[in-house]
Structures are given as structure tokens and as C-alpha cells.
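Some notes on the structure that comes next.
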Amino acid sequence: MRLTTKGRYAVTAMLDLALHAQHGPVSLADISERQGISLSYLEQLFAKLRRGSLVTSVRGPGGGYQLSREMAGIQVVQVIDAVNESVDATRCQGLGDCHSGDTCLTHHLWCDLSQQIHEFLSGISLEDLVKRREVQEVALRQDMRRANGQASQLDKIEASAVE
């Protein structure tokens, strides 16, 4: 089972947006700088997040993106689903053709695990994450480094294209 970079980066970017939402629209350039995700990658992700009605864009000076609703109303699984990502523990992407075109012995076990992960992520909102002490500490560290013109490789995430 794996969650690809697309889903991870989408959740990271949405969490960054939620953490900085109180200051108005957040630019993708700011998210890119704080999280070390390429701007072009973020543009592709946010086009999907906008189509998924999770964010809205604000044009003009001081523009950027904002959450389309309260943080409590956006679940992590919605972010992952919006970027066409799935959390799938099967080798066959749930099609049931994992053993020479037939269902393998453990297919239903992995389907059940995928469902459990989906339910787990359905129970976590952006607000839940924002309230976590460790998330606030990392965000503060990133903001302080950015204010001081420093960047840590430990805080950087790099990607070249949306899958």
C-alpha cells in the first residue's frame, strides 16, 4: 500500500493553506517556498482542488487561494480524492484480477485494509491537523526560517509533475 506523492503533497499544501488562512488568500508561491514543492506542481494540484470545490481562487494583488469552507468541513480523504488519488492496498487497484486475471487469496483482506484507511482519513479534518501541537511547531519553524531567509533541506519537498 502506498499513497503517492500527489496525495501527500496535496494534503501538505492544503494544511499549509489552512494554517495561513487567517491572513487572507495564500499564494502558491508562498506555499511553494514554505513546503519546497515546485510551483508548477502546486498549480496542477490546485486546479484539481478547485475543481473538487475545496479551494477558491482570488485574483489580483494580494490574491491567491483560500479554503472554500471551514477547516472542520474538509476531511483529509476529500483532499486525496480531489487529486484523483486512491489509498489502495491491493496490487490490482481493486479490480480483482491480481492472480493471473483472477482474484488472489488475499484480495479481500487488502480491500478491507483500503476501506479502513479510507474511513480513518474520513475522520480527520484539516482543523484536527491544525490543532495538533506538533503541526503548529513545524509551521512556526517554517515561518521563522522563511522570515530569516533560511531554508532547511529537512523542510523541503520536491516533485516534478503530477502523476
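So you can find residues: chains in the C-alpha cells are A, B, ... in the order shown, residues in each start at 1, and ligands are numbered from 1 in order.
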
Find the residues near Ser86 (chain A): any atom within 10 Å, counting only C-alpha atoms, skip ones fewer than 6 places away on the same chain, and give them as a list in words.
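These residues fall inside the cut-off: Arg2, Leu3, Thr4, Gly7, Val77, Ile80, Gln93, Ser114 and His118 of chain A.
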
For the residues in the current selection, export N, CA, C and O atoms as a JSON list (two decimals), in the first residue's frame.
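The resulting file, result20.json, is shown below:
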```json
[["chain", "number", "residue", "atom", "x", "y", "z"],
["A", 2, "ARG", "N", 0.47, 2.20, -0.81],
["A", 2, "ARG", "CA", 1.20, 3.44, -0.79],
["A", 2, "ARG", "C", 0.29, 4.58, -1.19],
["A", 2, "ARG", "O", -0.64, 4.42, -1.98],
["A", 3, "LEU", "N", 0.56, 5.71, -0.62],
["A", 3, "LEU", "CA", -0.06, 6.96, -1.02],
["A", 3, "LEU", "C", 1.02, 7.68, -1.80],
["A", 3, "LEU", "O", 2.10, 7.93, -1.28],
["A", 4, "THR", "N", 0.77, 8.00, -3.05],
["A", 4, "THR", "CA", 1.81, 8.60, -3.88],
["A", 4, "THR", "C", 2.05, 10.05, -3.47],
["A", 4, "THR", "O", 1.31, 10.63, -2.67],
["A", 7, "GLY", "N", -0.92, 12.67, -3.56],
["A", 7, "GLY", "CA", -1.81, 12.76, -2.41],
["A", 7, "GLY", "C", -1.13, 13.40, -1.21],
["A", 7, "GLY", "O", -1.71, 14.23, -0.52],
["A", 77, "VAL", "N", -9.44, 12.80, 3.45],
["A", 77, "VAL", "CA", -9.79, 11.92, 2.34],
["A", 77, "VAL", "C", -10.37, 12.70, 1.16],
["A", 77, "VAL", "O", -10.18, 12.32, 0.01],
["A", 80, "ILE", "N", -7.42, 13.99, -0.85],
["A", 80, "ILE", "CA", -6.81, 12.89, -1.61],
["A", 80, "ILE", "C", -7.70, 12.52, -2.80],
["A", 80, "ILE", "O", -7.22, 12.35, -3.92],
["A", 93, "GLN", "N", -5.37, -2.61, -7.95],
["A", 93, "GLN", "CA", -6.20, -1.41, -7.89],
["A", 93, "GLN", "C", -7.67, -1.75, -7.66],
["A", 93, "GLN", "O", -8.56, -1.09, -8.16],
["A", 114, "SER", "N", -7.82, -1.22, 2.70],
["A", 114, "SER", "CA", -8.02, 0.03, 1.96],
["A", 114, "SER", "C", -9.24, 0.77, 2.49],
["A", 114, "SER", "O", -9.21, 1.99, 2.67],
["A", 118, "HIS", "N", -9.37, 4.45, 4.29],
["A", 118, "HIS", "CA", -10.29, 5.48, 3.78],
["A", 118, "HIS", "C", -11.16, 6.02, 4.91],
["A", 118, "HIS", "O", -11.34, 7.23, 5.05]]
```

Pick out each residue of region 21-160 of chain A that DSSP on the backbone tags as strand (DSSP E or B); I need them as a ChimeraX atom specification.
/A:26,55-58,64-67,75,88,99,102,125

Pick out the residues sitting within 12 Å of Lys131 (chain A), and hand them over as a PyMOL selection string; count only C-alpha atoms, and ignore anything fewer than 6 positions along from it in its own chain.
chain A and resi 15+18-19+71-72+124-125+137+139

In region 26-154 of chain A, what's alpha helix (DSSP H) per DSSP? Answer as a PyMOL selection string?
chain A and resi 28-35+39-51+76-82+107-122+126-130+133-147

Skip Arg69 (chain A) itself and residues of its chain fewer than 6 positions away, then list as a PyMOL selection string all residues within 10 Å of it, counting only C-alpha atoms.
chain A and resi 53-56

Output all heavy atoms for every residue in that selection, as a tab-separated table (two decimals), in the first residue's frame.
```tsv
chain	number	residue	atom	x	y	z
A	53	SER	N	-13.93	21.61	-5.49
A	53	SER	CA	-14.63	22.57	-4.61
A	53	SER	C	-14.04	22.63	-3.20
A	53	SER	O	-14.76	22.90	-2.24
A	53	SER	CB	-16.13	22.24	-4.54
A	53	SER	OG	-16.70	22.30	-5.81
A	54	LEU	N	-12.74	22.41	-3.08
A	54	LEU	CA	-12.09	22.51	-1.77
A	54	LEU	C	-11.42	23.86	-1.56
A	54	LEU	O	-11.23	24.28	-0.42
A	54	LEU	CB	-11.05	21.39	-1.61
A	54	LEU	CG	-11.63	19.98	-1.61
A	54	LEU	CD1	-10.51	18.95	-1.51
A	54	LEU	CD2	-12.62	19.79	-0.48
A	55	VAL	N	-11.07	24.53	-2.66
A	55	VAL	CA	-10.45	25.85	-2.58
A	55	VAL	C	-11.12	26.76	-3.60
A	55	VAL	O	-11.73	26.30	-4.57
A	55	VAL	CB	-8.92	25.80	-2.85
A	55	VAL	CG1	-8.21	24.96	-1.80
A	55	VAL	CG2	-8.60	25.31	-4.25
A	56	THR	N	-10.97	28.06	-3.37
A	56	THR	CA	-11.38	29.06	-4.34
A	56	THR	C	-10.18	29.96	-4.58
A	56	THR	O	-9.33	30.13	-3.71
A	56	THR	CB	-12.58	29.91	-3.85
A	56	THR	OG1	-12.23	30.52	-2.60
A	56	THR	CG2	-13.82	29.07	-3.67
```

Can you pull out the residues contacting region 26-34 of chain A? Cut-off 9 Å, using only C-alpha atoms, and skip same-chain residues under 4 positions away; I want them as number ranges by chain.
A: 13, 16-17, 20-21, 38-39, 42-43, 46, 62-66, 139, 142-143, 145-146, 151, 155-156

Between A:Leu126, A:Ile117, A:Leu95, A:Val58, which is the closest to Glu70 (chain A) once you count only C-alpha atoms?
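Distance minimum relative to Glu70 (chain A) lands on A:Leu126.
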
If you measure from CA of Cys92 (chain A) to CA of Gly52 (chain A), what distance in Å do you get, rounded to one decimal?
25.8 Å
